[in-house]
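Just below is one structure, and these are the notes that go with it.
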Amino acid sequence: MTIAPPAAEAIDEQPAGRGLLRYALAKVGGALLSIAMVIVATFFAFRLLPGDPVRALAQGRNMTPEQLDLERHRLGLDKSLAEQFVHFVNQTVHFDLGTSYEYKRPVLDLIGERIGSTLLLTGTALVMAVSLGIWQGARAGWKPGSRFDKFSTGVSLVLWSVPTFWLGLLLLMVFAAGIGPIPGIFPTRGIESVDAPDGFGYVLDVAKHMVLPCLTMVAVVYAQYLLVMRSSVLDEVGQDYVTTARAKGLRDDEIRRRHAVPNALLPTVTLVFMRIGFVVGGAVTVEAIFSWPGLGQLFYEAIRVPDFTLMQGTFLLITVSVILMNTLADVVYHLLDPRVRSA
Amino acid sequence: MLEATSLAVEFASRGRRPARAVDGVNLSVGAGEIVALVGESGCGKTTLARTLLGLERPSSGTVSYDGTPLSYRAKALKAYRRQVQLVLQDPMGSLNPRQTVYEAVAEGPRIHGLPDEEKVVAEALSRAGLRPPERFFLRYPHELSGGQRQRVVIAGALALNPKVLIADEPVASLDASVRGEILALLLRLRDELGLSALVVTHDLGLAWNIADRVAVMYLGRIVESGPTEQILKSPQHPYTQALLSVLPESPARIVLTGEPPDPTRIPGGCRFHPRCQVVASGNPIADKCRTDVLPILPASDAAQAACHLL
Amino acid sequence: MSITWTRRRLALGRFWGDFRTHRAGVIGLAILLLAVLLAVIAPLFIDAGVTNVVSGTREKLAPPSWADPLGTDESGRSVLLMIWWGSRTSLLIGFLAALLSMVIGTVLGIAAGHFRGWIGAIVMRITDWFLVLPSLVTALVLAAILGGSTVTIIAAIGVTSWPSTARLIRAQTLAVEARPYIERSQALGGGHWHITTRHVLPNVAPLLLASTTLEVASAIVTESTLAFLGVSANKTSWGTMLRGSYDWGAATSGAWWYILVPGLCIVIVVMAFTLCGRALETVLNPRLRRAV
Amino acid sequence: DPAAPKVIRVGATQSVDSLNPFLAVRLVSSSIHRWMYGFLTVPDPKTLQPSPDLAESWTTSPDGLTWTFKIRQAKWSDGQPITADDAAWTFNKMITDDGAKTANGPAVENFAGVTASGQELTIKLKAPQASMLDNPVPIMPKHVWEKVADISKYEATDFPAVTSGPYIAVEQKKDQYVKLKANPDYWRGAPKIDELQVIFYDNPAAAIVGLKKGDIDLIGRLAPPDFDALKGDSNIVQWNEQGRRATYLQINHGATTSDDKPIGDGHPALKDPKVREALHYAIDKQKLVDEVQNGLAVPADGSIIPPMYKDFFWQASGAEKVSFDLAKANKILDDAGYKKGADGVRTMPDGSRKLQFRFSIHTDTPIEEKLAEYLTGWFKELGITLTTKRLDSSKFTEETGTTALFDIAISGWSVNPDPEEVLATHLCSRRPTASGEGGGTESFYCDPQYEALYQQQLKELDRPKRADIIKKMEERLYTDAPVIALYYPNDLEGYRKDRIASITPIPEDKGILYGGSGYWPFYTLQAVTKDAGTDEGGSSTGVIVGVAVAAVVLLGAGFLFTRRRKTVADDRE
Amino acid sequence: MSLLELDSLSVTYRIASGDVPAVRDVSLSLEAGEALGVVGESGSGKSTLAMALLRLLPRDARTSGRIMLGGEDVLAMKWGRLRAVRWAEASIVFQGAQHGLNPVQRIGDQIAEPLLVHKLAGPAKASERAVELLQQVGLPAWRARSYPHELSGGQRQRVMIAMALACEPQLIIADEPTTALDLMVQAQVLTLIKSLIASQGISLLMISHDLSVLADTCDRLAVMYAGRLVETGPADGVFRHPYSQALAAAFPTVGDPASRLAPRGLGGDPPDPQQLPSGCVFHPRCPVALESCSSVDVELRPAGDRRTAACVLVLEESC
Ligand SMILES: Nc1ncnc2c1ncn2[C@@H]1O[C@H](COP(=O)(O)OP(=O)(O)OP(=O)(O)O)[C@@H](O)[C@H]1O
Ligand SMILES: Nc1ncnc2c1ncn2[C@@H]1O[C@H](COP(=O)(O)OP(=O)(O)OP(=O)(O)O)[C@@H](O)[C@H]1O
Ligand SMILES: [Mg+2]
Ligand SMILES: [Mg+2]
């Protein structure tokens with residue numbers, strides 16, 4: 001018997017990892033394209049609007065035609081559509097989102113003032129929803145049909161069917177107002193008390209204000225993470241490597257923790273990021289109900305007034321950040337999943 | 001009848017070197033002839049078969065049928081595909097699980113608008129050995145055994161009354177006990193209908209079982225071809241020799257290390273030299289193997305091999 | 001061929017047999033059928049008059065009683081009758097928006113999966129783009145821009161919710177197209193139309209059914225959210241009723257029936273659609289279980 | 001602890017748009033500015049007539065074109081003296097800087113020039129102006145504000161603010177709250193509380209909960225349902241008094257531009273005063289008050305000036321008075337030749353068009369929605385079809401104020417102590433120009449008689465005589481019916497009596513607390529002396545501790561649970 | 001005492017449509033250092049048999065009979081003991097090497113894992129050993145840091161083998177270790193397995209549907225049909241059971257003129273385990289079936305030279 005000696009392993013050389021950069025660049029390029037599309041679409045969508053924004057501005061006030069013209073000129077509405085478009089794009093790429101009709105201030109400033117609280121709320125809610133969903137989903141999917149599975153899937157499905165604002169209102173009525181024996185222990189509005197103490201007391205105060213809004217968002221959002229995690233774990237249960245792990249003598253929970261969950265996590269992670277837009281959408285109603293001074297509330301106000309520059313600016317910002325988050329997610333996913341990493 | 005001339009197929013993929021899956025192949029299948037195309041995994045057999053059917057466009061070279069080069073316009077392709085048919089490796093996969101046997105076999109006649117659909121279908125089924133055909137009309141693929149499924153696929157091809165059948169690993173997914181039956185069917189069809197066939201396989205035993213001629217492929221090229229008996233009994237090319245040596249009954253086995261190298265990086269000189277046992281054993285000709293490019297084998301019936309040793 | 005029909009019936013029977021083992025799905029289906037039936041037959045018993053304020057002469061915000069089992073609203077209209085009549089709008093919007101979303105999603109999904117090269121790439125790009133748009137926010141903007149009529153709301157929901165369907169269909173199309181029978185069909189001479197309509201579409205259809213069912217659920221929720229945020233479809237729906245309860249201080253004045261009933265109706269019907277859709281998905285394609 | 005500061009918290013369902021008085025247009029912001037800054041004059045708390053504020057006294061030239069104000073010797077909150085120069089700077093800034101016109105531009109439109117010398121301020125007018133003493137512009141400290149480079153971008157968030165009124169803004173959190181401290185050096189004397197907070201609620205229901213819980217002490221401008229929700233709470237005073245607002249229908253009676261060209265697509269039938277009269281008869285104002293406003297309004301038998309302004313309020317009586325009578329309404333239409341068709345809908349006498357009107361309302365306004373439902377119901381009885389058209393506010397303003405693309409529209413106006421502005425909204429000159437530029441008309445009305453009366457009252461400086469002229473104008477509006485007043489919504493507010501010991505409304509007799517003109521209610525506000533602060537803090541700490549304990553217990557239980565499972569899992573798979 | 005002894009082992013899957021008797025009454029024994037091949041067509045219960053050995057079957061499977069591994073009954077073990085036995089005493093190389101490895105874990109870690117689980121080494125020692133094992137199967141040390149997808153099918157199968165060797169078990173069960181592999185790669189893997197078995201004295205239970213693969217690697221063969229053993233015997237003898245003969249004929253010898261242009265196979269369809277034919281389950285497809293075969297079932301009978309077969313014809317001849 002001869003084993004032909006040509007160094008087979010010479011061909012089997014260590015791979016060089018330069019795919020990631022190329023991939024990241026491609027993704028960023030794609031994101032930029034998406035953002036460009038958003039900008040164009042936003043411009044035209046908001047120009048389709050019936051009605052004259054300047055009149056909206058003049059609402060009920062006595063303004064002379066000269067004043068109106070002046071205002072129009074200030075907003076660049078006296079130019080042709082093409083010129084306006086160029087102007088709009090130019091402004092937008094220079095991070096100028098225009099001036100709010102209602103607040104008479106740059107939209108970007110208004111957003112800047114509120115983005116922190118939105119990030120705090122959605123960030124916390126997202127982290128909680130994701131952890132809860134993944135934890136429960138993993139356990140439920142590992143033992144499909146078990147009592148834990150039935151219970152957690154059932155609860156999450158019920159909560160998932162609940163309109164966010166309705167749940168928020170109920171929670172507000174029960175836990176902020178207090179009903180019967182339940183005391184209204186949580187605050188009715190906002191992110192902090194007017195007389196919030198400093199230091200750690202402040203943190204506690206904010207935390208207390210966050211309980212209900214967070215709970216509302218988590219309740220509605222976590223179901224999808226649970227369900228995705230559950231089904232991806234379910235997919236892993238039958239995989240051969242799980243059988244291998246069993247054959248190796250691993251305990252059941254070790255198999256779940258060390259093998260099934262890391263594999264199932266990856267599809268869930270993509271979903272987490274892909275559904276960020278959904279969470280942001282939920283923020284609009286939650287912030288309105290709990291008077292949370294964030295972007296969602298600003299957006300809601302812009303819609304109610306309506307303040308089209310503000311609406312447009314907020315929409316642009318929300319969309320662009322969701323796109324960027326998605327891009328980030330793609331790249332992170334790429335970093336995390338060895339299968340994609342060097343493919 | 002069906003002929004490929006200096007056929008090459010490249011797959012370009014972004015950010016990578018193009019894969020030259022088929023890299024200069026001359027091959028012909030005569031009327032009523034069964035040709036076996038053998039080779040290791042990834043050497044381009046399937047790609048060649050697909051290209052012959054016009055499912056893949058060659059980057060250079062031509063496929064011609066009855067002397068006329070294949071045109072890639074939709075109409076011409078459709079007409080061509082009445083003459084040349086394909087049978088795939090996985091009979092379960094090649095049948096739409098939502099279609100009954102009848103629908104599956106009638107698909108071709110429907111596409112080509114043949115008259116007397118039911119008769120055609122019944123005839124094709126019975127030719128493929130599913131008798132009485134009516135019993136099978138309304139079955140779904142999952143209700144059939146593997147061998148029956150493959151017969152349905154063959155019947156689907158036969159329904160168009162083709163002249164040439166290209167079978168890509170037709171029995172690879174079938175149980176050992178069943179494959180003989182399918183191979184016998186191919187032989188019988190050749191005898192009864194004068195059907196030509198190109199059978200793609202990695203199984204030398206299969207070639208021995210049914211093929212008139214064998215072509216051995218390595219990394220996109222045919223390295224040896226000729227009448228079956230001659231090639232399989234006295235292989236000339238070191239690669240063919242190695243392939244034959246690992247069959248269980250062979251006395252001395254030459255196990256090539258590594259996998260077939262990747263078609264994106266075809267070595268210079270003789271493309272087999274990095275794995276060649278003769279080169280490795282320090283044969284003086286080795287230098288030539290590393291540097292000198294070999295000519296493409298012509299599409300001839302006689303036994304021939306592309307090797308510097310010869 | 002009558003045998004074909006027999007076979008179809010058998011297949012349907014088999015499907016039903018499978019479906020029946022999902023108890024939650026069966027319950028969902030039952031609720032759903034009941035809701036649809038009630039909505040359809042509503043005009044036989046009541047008419048839009050039940051939403052008319054001038055005719056609402058009973059006590060305002062009266063708690064449930066024999067006369068009004070679910071109490072009355074701020075204008076003395078019966079909440080029960082309003083719910084009944086409003087289910088027509090809610091379900092109609094749910095179904096039509098899901099249908100719209102399904103049609104767009106299917107066409108684009110199949111196109112993206114079937115056509116390789118630039119067509120597929122562009123369609124996919126567009127889909128991805130829509131997919132990352134925060135759908136509720138976009139729907140809000142659309143509805144705010146176009147004004148809130150039933151058609152607008154349907155369009156706003158449909159236009160923002162198709163991308164996930166498209167993605168799903170695309171994935172499924174890719175999976176189907178990777179099957180050898182597509183290649184076989186190609187080899188038999190089948191063109192794009194033949195392959196997409198004869199092979200791809202029938203194979204994605206069941207999944208589509210399941211996905212659309214789930215889509216209806218989310219459309220109903222979205223409708224109520226839009227109504228709550230003030231862009232409503234001028235007609236009485238569960239969402240506008242909730243909005244009404246909010247506007248007319250039902251929460252603060254303790255009119256729990258006015259808040260709870262429409263909300264619970266939404267929850268129950270949406271649940272029913274979700275359960276039914278999930279069961280369908282499991283039965284029709286156990287491998288492709290996905291999130292709602 | 002007797003030294004505990006007395007804090008009163010005011011809830012607002014509107015967020016502060018700007019603390020810069022040149023820019024702020026929202027009621028909440030202008031209210032805060034009223035508490036912070038002095039004005040030339042302030043309405044008298046009893047009579048609502050202008051009374052001295054920063055201007056101690058004033059004189060006017062016989063032609064009514066030159067006004068001289070003597071500015072009070074007082075100090076800004078930073079100790080600088082207040083001079084006429086501050087006032088002159090404020091007005092001149094508004095005259096010269098377009099950015100500064102945003103909030104109160106029209107108030108200085110008639111100003112020809114403003115000059116100051118020492119404590120003496122001289123304002124020259126382009127034309128006589130009876131409302132001169134109701135100038136709504138707060139006087140700003142020149143020495144602080146002249147440093148602002150671009151007034152249109154200035155947010156006035158430098159705290160503490162420099163003010164001359166009873167309160168000083170000391171802190172603002174956007175969309176959350178504004179904190180005001182009492183001005184100890186206020187020339188009338190420091191307010192009786194130490195701190196005033198304005199807290200924003202996006203969700204009115206939450207605000208009601210907040211008031212009931214004691215998170216806030218007072219909330220104004222309540223919607224009727226929210227007001228009703230306060231019923232039965234022994235700690236809360238429900239404040240239900242006449243309001244300063246009128247709600248009316250605006251009817252497209254043949255809209256024209258300022259050069260008398262017809263404009264818009266109003267239904268021709270509405271040009272007929274008979275039809276308008278019939279519509280007026282078909283409205284059950286009492287029912288609207290009961291159903292739409294929960295009884296918390298006064299049915300309008302008058303016009304656009306609410307009864308709160310006793311001097312100027314006019315009410316129809318006798319034969320002139322229109323009261324709900326569908327039969328009469330039908331008869332009027334029958335007599336005028338509008339015949340009912342087979343479908344029960346009337347047509348024009350010439351048969352050309354059916355009487356199908358559109359009713360334009362704002363989106364997202366439950367009250368208007370409800371109102372529309374009732375009107376639709378009654379008009380149906382008349383054989384008139386009314387369809388509701390919801391418009392966002394910009395479109396609404398455009399269609400009902402400029403392009404006249406409406407038949408009937410909802411309208412309403414909050415009236416100042418001096419009704420001049422609301423009267424002006426029905427002048428010919430307010431109609432849009434041919435190019436469609438708006439002048440701010442509320443009705444496209446252009447009536448010679450009304451115009452003449454308006455000019456007359458402008459020049460009439462004797463208050464009772466002027467009031468008579470104004471009442472004639474109201475009567476004209478009532479009978480000609482370009483607008484039909486529906487009701488005057490009450491001012492609905494609520495406050496906690498365990499926190500607020502006393503509060504004086506404006507006017508003192510049945511007046512407004514929040515959002516009224518002048519700072520009186522919040523200047524005279526007295527808090528209950530009781531330190532509720534500490535035990536509330538205790539309870540909230542208790543809650544936090546409780547929550548924390550619960551969380552720890554839950555976590556611990558979860559941990560134990562999984563532990564236990566692990567040991568069990570050891571012997572199975 | 002044999003290393004592994006199966007005593008009338010039966011496995012039945014309980015599924016919705018009824019019971020599936022996947023393995024019926026199989027008795028086998030395997031001596032230390034011996035290589036036994038199990039061959040049979042698809043669905044004949046080979047994998048089920050292999051999985052049953054370490055009780056790795058899904059929950060819905062019911063196992064009866066006895067599996068004596070090193071003198072202990074696997075079926076009677078407590079879970080803790082069973083886990084200790086798994087891999088340490090018998091390890092498995094699965095059919096689909098692609099899926100047998102965790103796609104997101106480095107290969108080195110996966111090889112080291114059983115060592116850690118069975119506390120045979122500390123982390124440092126374990127990874128050292130992993131590298132050693134990799135080298136033993138002909139892979140470079142740096143491959144320990146690779147992920148499965150970076151390896152070719154043959155390399156992955158070698159990793160599986162390295163993993164199986166990690167705890168130095170007495171028995172390796174290889175379930176179709178080369179089925180998905182290419183001809184040449186298959187030869188490589190088989191060569192490797194043979195040399196490792198030979199050098200370390202490990203017992204091997206190898207499963208395949210390809211007779212030629214087993215004939216080459218194993219000392220003894222067992223042929224399964226429809227969940228039963230129909231023949232056992234030395235690898236280099238001549239088959240007696242008609243099914244075994246048909247299987248053997250399906251793999252022609254290149255150069256053998258008898259099979260040139262004459263493919264041979266077995267007619268008919270494989271049996272449905274839920275509706276097994278009466279009598280000898282093979283009789284519907286048997287080319288030499290007697291009339292009695294449809295009613296009389298035959299147990300495994302001695303068929304000369306250490307061979308047993310379950311066929312009437314064998315019975316008659318040997319009688
Ligand atoms: N669509 C494609 N895009 C890129 N590369 C491809 C494509 N199809 C095949 N290849 C590459 O071309 C080469 C030849 O593939 P082909 O499928 O023809 O081989 P094969 O001989 O049929 O192998 P097997 O025996 O495994 O079926 C392989 O390296 C494969 O990776
Ligand atoms: N989990 C299961 N549930 C129900 N039936 C099963 C299950 N696994 C296997 N079977 C059935 O048991 C029988 C034996 O299956 P097994 O996988 O052991 O066959 P095999 O000989 O390994 O086949 P292959 O060569 O295809 O791997 C088959 O009929 C199969 O359908
Ligand atoms: Mg191939
Ligand atoms: Mg198997």
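By order of appearance in the structure tokens: chains A, B, ..., then residues from 1 within every chain, and ligands from 1 in the order shown.
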
Residues contacting ligand 1 - anything with an atom at most 7 Å away, using only C-alpha atoms and all ligand atoms - can you give me those as an MDAnalysis selection string?
chainID B and resid 11:13 19:21 39:48 202 262:263

Selected residues, N, CA and C atoms, written as a JSON list (two decimals), in the first residue's frame, please.
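The resulting file, result33.json, is reproduced below:
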```
[["chain", "number", "residue", "atom", "x", "y", "z"],
["B", 11, "PHE", "N", -17.04, 30.21, -13.57],
["B", 11, "PHE", "CA", -17.98, 30.85, -12.63],
["B", 11, "PHE", "C", -17.26, 32.01, -12.00],
["B", 12, "ALA", "N", -17.76, 33.18, -12.31],
["B", 12, "ALA", "CA", -17.13, 34.34, -11.69],
["B", 12, "ALA", "C", -17.87, 34.61, -10.39],
["B", 13, "SER", "N", -17.15, 34.86, -9.34],
["B", 13, "SER", "CA", -17.86, 35.30, -8.15],
["B", 13, "SER", "C", -17.13, 36.51, -7.62],
["B", 19, "ALA", "N", -13.85, 30.52, -11.02],
["B", 19, "ALA", "CA", -13.62, 29.08, -10.96],
["B", 19, "ALA", "C", -13.77, 28.52, -12.37],
["B", 20, "ARG", "N", -12.72, 27.91, -12.87],
["B", 20, "ARG", "CA", -12.84, 27.32, -14.20],
["B", 20, "ARG", "C", -13.25, 25.87, -14.03],
["B", 21, "ALA", "N", -14.56, 25.66, -13.90],
["B", 21, "ALA", "CA", -15.08, 24.34, -13.58],
["B", 21, "ALA", "C", -14.87, 23.38, -14.74],
["B", 39, "GLY", "N", -14.97, 10.80, -12.62],
["B", 39, "GLY", "CA", -13.99, 11.70, -12.01],
["B", 39, "GLY", "C", -14.36, 11.95, -10.56],
["B", 40, "GLU", "N", -13.40, 12.53, -9.86],
["B", 40, "GLU", "CA", -13.63, 12.82, -8.45],
["B", 40, "GLU", "C", -14.67, 13.93, -8.28],
["B", 41, "SER", "N", -15.07, 14.10, -7.08],
["B", 41, "SER", "CA", -16.02, 15.17, -6.76],
["B", 41, "SER", "C", -15.40, 16.52, -7.09],
["B", 42, "GLY", "N", -16.21, 17.40, -7.64],
["B", 42, "GLY", "CA", -15.75, 18.77, -7.89],
["B", 42, "GLY", "C", -14.90, 18.93, -9.12],
["B", 43, "CYS", "N", -14.78, 17.88, -9.95],
["B", 43, "CYS", "CA", -13.91, 18.04, -11.10],
["B", 43, "CYS", "C", -14.64, 18.65, -12.28],
["B", 44, "GLY", "N", -15.93, 18.89, -12.13],
["B", 44, "GLY", "CA", -16.63, 19.61, -13.21],
["B", 44, "GLY", "C", -17.57, 18.76, -14.02],
["B", 45, "LYS", "N", -17.86, 17.56, -13.55],
["B", 45, "LYS", "CA", -18.72, 16.67, -14.32],
["B", 45, "LYS", "C", -20.11, 17.25, -14.48],
["B", 46, "THR", "N", -20.69, 17.66, -13.36],
["B", 46, "THR", "CA", -22.05, 18.18, -13.41],
["B", 46, "THR", "C", -22.11, 19.45, -14.27],
["B", 47, "THR", "N", -21.11, 20.27, -14.09],
["B", 47, "THR", "CA", -21.09, 21.50, -14.87],
["B", 47, "THR", "C", -21.05, 21.19, -16.37],
["B", 48, "LEU", "N", -20.25, 20.22, -16.72],
["B", 48, "LEU", "CA", -20.17, 19.84, -18.13],
["B", 48, "LEU", "C", -21.54, 19.35, -18.61],
["B", 202, "HIS", "N", -19.19, 8.91, -10.47],
["B", 202, "HIS", "CA", -17.85, 8.78, -9.91],
["B", 202, "HIS", "C", -17.57, 7.30, -9.64],
["B", 262, "ASP", "N", -8.60, 23.18, -6.11],
["B", 262, "ASP", "CA", -9.74, 24.03, -6.32],
["B", 262, "ASP", "C", -9.70, 24.62, -7.73],
["B", 263, "PRO", "N", -10.82, 24.65, -8.44],
["B", 263, "PRO", "CA", -10.82, 25.13, -9.82],
["B", 263, "PRO", "C", -10.52, 26.61, -9.95]]
```

Residues of chain A near chain C: apply a cut-off of 6 Å, count only C-alpha atoms, and supply the list as a count of residues only.
12

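With distances taken over only C-alpha atoms, C:Thr21 is the one residue among C:Gly49, C:Thr21, C:Ala178, C:Trp85 lying closest to chain E.
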
Please check the contacts: residues of chain C at most 7 Å away from chain B, using only C-alpha atoms, listed as number ranges by chain.
C: 179-181, 184, 187-190

Please report, as JSON lines, each residue of chain E lying at most 9 Å from ligand 2, together with the nearest pair of atoms and the separation in Å rounded to one decimal; use only C-alpha atoms and all ligand atoms, and order rows by chain and ascending residue number.
```
{"residue": "E:Val11", "atom": "CA", "partner": "ligand 2", "partner_atom_place_in_ligand_line": "12 (O)", "distance": 8.7}
{"residue": "E:Thr12", "atom": "CA", "partner": "ligand 2", "partner_atom_place_in_ligand_line": "12 (O)", "distance": 7.9}
{"residue": "E:Tyr13", "atom": "CA", "partner": "ligand 2", "partner_atom_place_in_ligand_line": "4 (C)", "distance": 4.9}
{"residue": "E:Arg14", "atom": "CA", "partner": "ligand 2", "partner_atom_place_in_ligand_line": "4 (C)", "distance": 6.6}
{"residue": "E:Ile15", "atom": "CA", "partner": "ligand 2", "partner_atom_place_in_ligand_line": "4 (C)", "distance": 5.8}
{"residue": "E:Asp19", "atom": "CA", "partner": "ligand 2", "partner_atom_place_in_ligand_line": "4 (C)", "distance": 8.2}
{"residue": "E:Val20", "atom": "CA", "partner": "ligand 2", "partner_atom_place_in_ligand_line": "5 (N)", "distance": 5.9}
{"residue": "E:Pro21", "atom": "CA", "partner": "ligand 2", "partner_atom_place_in_ligand_line": "12 (O)", "distance": 6.9}
{"residue": "E:Ala22", "atom": "CA", "partner": "ligand 2", "partner_atom_place_in_ligand_line": "12 (O)", "distance": 4.3}
{"residue": "E:Val23", "atom": "CA", "partner": "ligand 2", "partner_atom_place_in_ligand_line": "14 (C)", "distance": 7.1}
{"residue": "E:Val39", "atom": "CA", "partner": "ligand 2", "partner_atom_place_in_ligand_line": "21 (O)", "distance": 8.2}
{"residue": "E:Gly40", "atom": "CA", "partner": "ligand 2", "partner_atom_place_in_ligand_line": "21 (O)", "distance": 6.3}
{"residue": "E:Glu41", "atom": "CA", "partner": "ligand 2", "partner_atom_place_in_ligand_line": "25 (O)", "distance": 5.7}
{"residue": "E:Ser42", "atom": "CA", "partner": "ligand 2", "partner_atom_place_in_ligand_line": "25 (O)", "distance": 3.4}
{"residue": "E:Gly43", "atom": "CA", "partner": "ligand 2", "partner_atom_place_in_ligand_line": "19 (O)", "distance": 3.5}
{"residue": "E:Ser44", "atom": "CA", "partner": "ligand 2", "partner_atom_place_in_ligand_line": "21 (O)", "distance": 4.0}
{"residue": "E:Gly45", "atom": "CA", "partner": "ligand 2", "partner_atom_place_in_ligand_line": "18 (O)", "distance": 3.2}
{"residue": "E:Lys46", "atom": "CA", "partner": "ligand 2", "partner_atom_place_in_ligand_line": "21 (O)", "distance": 3.7}
{"residue": "E:Ser47", "atom": "CA", "partner": "ligand 2", "partner_atom_place_in_ligand_line": "22 (O)", "distance": 3.6}
{"residue": "E:Thr48", "atom": "CA", "partner": "ligand 2", "partner_atom_place_in_ligand_line": "18 (O)", "distance": 3.6}
{"residue": "E:Leu49", "atom": "CA", "partner": "ligand 2", "partner_atom_place_in_ligand_line": "18 (O)", "distance": 6.3}
{"residue": "E:Ala50", "atom": "CA", "partner": "ligand 2", "partner_atom_place_in_ligand_line": "18 (O)", "distance": 7.9}
{"residue": "E:Met51", "atom": "CA", "partner": "ligand 2", "partner_atom_place_in_ligand_line": "18 (O)", "distance": 8.3}
{"residue": "E:Leu57", "atom": "CA", "partner": "ligand 2", "partner_atom_place_in_ligand_line": "1 (N)", "distance": 7.6}
{"residue": "E:Pro58", "atom": "CA", "partner": "ligand 2", "partner_atom_place_in_ligand_line": "1 (N)", "distance": 6.1}
{"residue": "E:Arg59", "atom": "CA", "partner": "ligand 2", "partner_atom_place_in_ligand_line": "1 (N)", "distance": 8.4}
{"residue": "E:Asp60", "atom": "CA", "partner": "ligand 2", "partner_atom_place_in_ligand_line": "3 (N)", "distance": 6.9}
{"residue": "E:Ala61", "atom": "CA", "partner": "ligand 2", "partner_atom_place_in_ligand_line": "3 (N)", "distance": 7.2}
{"residue": "E:Gln95", "atom": "CA", "partner": "ligand 2", "partner_atom_place_in_ligand_line": "27 (O)", "distance": 7.9}
{"residue": "E:Asp175", "atom": "CA", "partner": "ligand 2", "partner_atom_place_in_ligand_line": "22 (O)", "distance": 8.0}
{"residue": "E:Glu176", "atom": "CA", "partner": "ligand 2", "partner_atom_place_in_ligand_line": "27 (O)", "distance": 7.7}
{"residue": "E:Ile207", "atom": "CA", "partner": "ligand 2", "partner_atom_place_in_ligand_line": "22 (O)", "distance": 8.3}
{"residue": "E:Ser208", "atom": "CA", "partner": "ligand 2", "partner_atom_place_in_ligand_line": "25 (O)", "distance": 7.1}
{"residue": "E:His209", "atom": "CA", "partner": "ligand 2", "partner_atom_place_in_ligand_line": "25 (O)", "distance": 6.1}
{"residue": "E:Met224", "atom": "CA", "partner": "ligand 2", "partner_atom_place_in_ligand_line": "21 (O)", "distance": 8.1}
{"residue": "E:Tyr225", "atom": "CA", "partner": "ligand 2", "partner_atom_place_in_ligand_line": "21 (O)", "distance": 8.6}
{"residue": "E:Ala226", "atom": "CA", "partner": "ligand 2", "partner_atom_place_in_ligand_line": "14 (C)", "distance": 7.9}
{"residue": "E:Gly227", "atom": "CA", "partner": "ligand 2", "partner_atom_place_in_ligand_line": "14 (C)", "distance": 7.0}
{"residue": "E:Pro271", "atom": "CA", "partner": "ligand 2", "partner_atom_place_in_ligand_line": "29 (O)", "distance": 8.7}
{"residue": "E:Asp272", "atom": "CA", "partner": "ligand 2", "partner_atom_place_in_ligand_line": "29 (O)", "distance": 6.8}
{"residue": "E:Pro273", "atom": "CA", "partner": "ligand 2", "partner_atom_place_in_ligand_line": "29 (O)", "distance": 5.5}
{"residue": "E:Gln274", "atom": "CA", "partner": "ligand 2", "partner_atom_place_in_ligand_line": "29 (O)", "distance": 8.0}
```
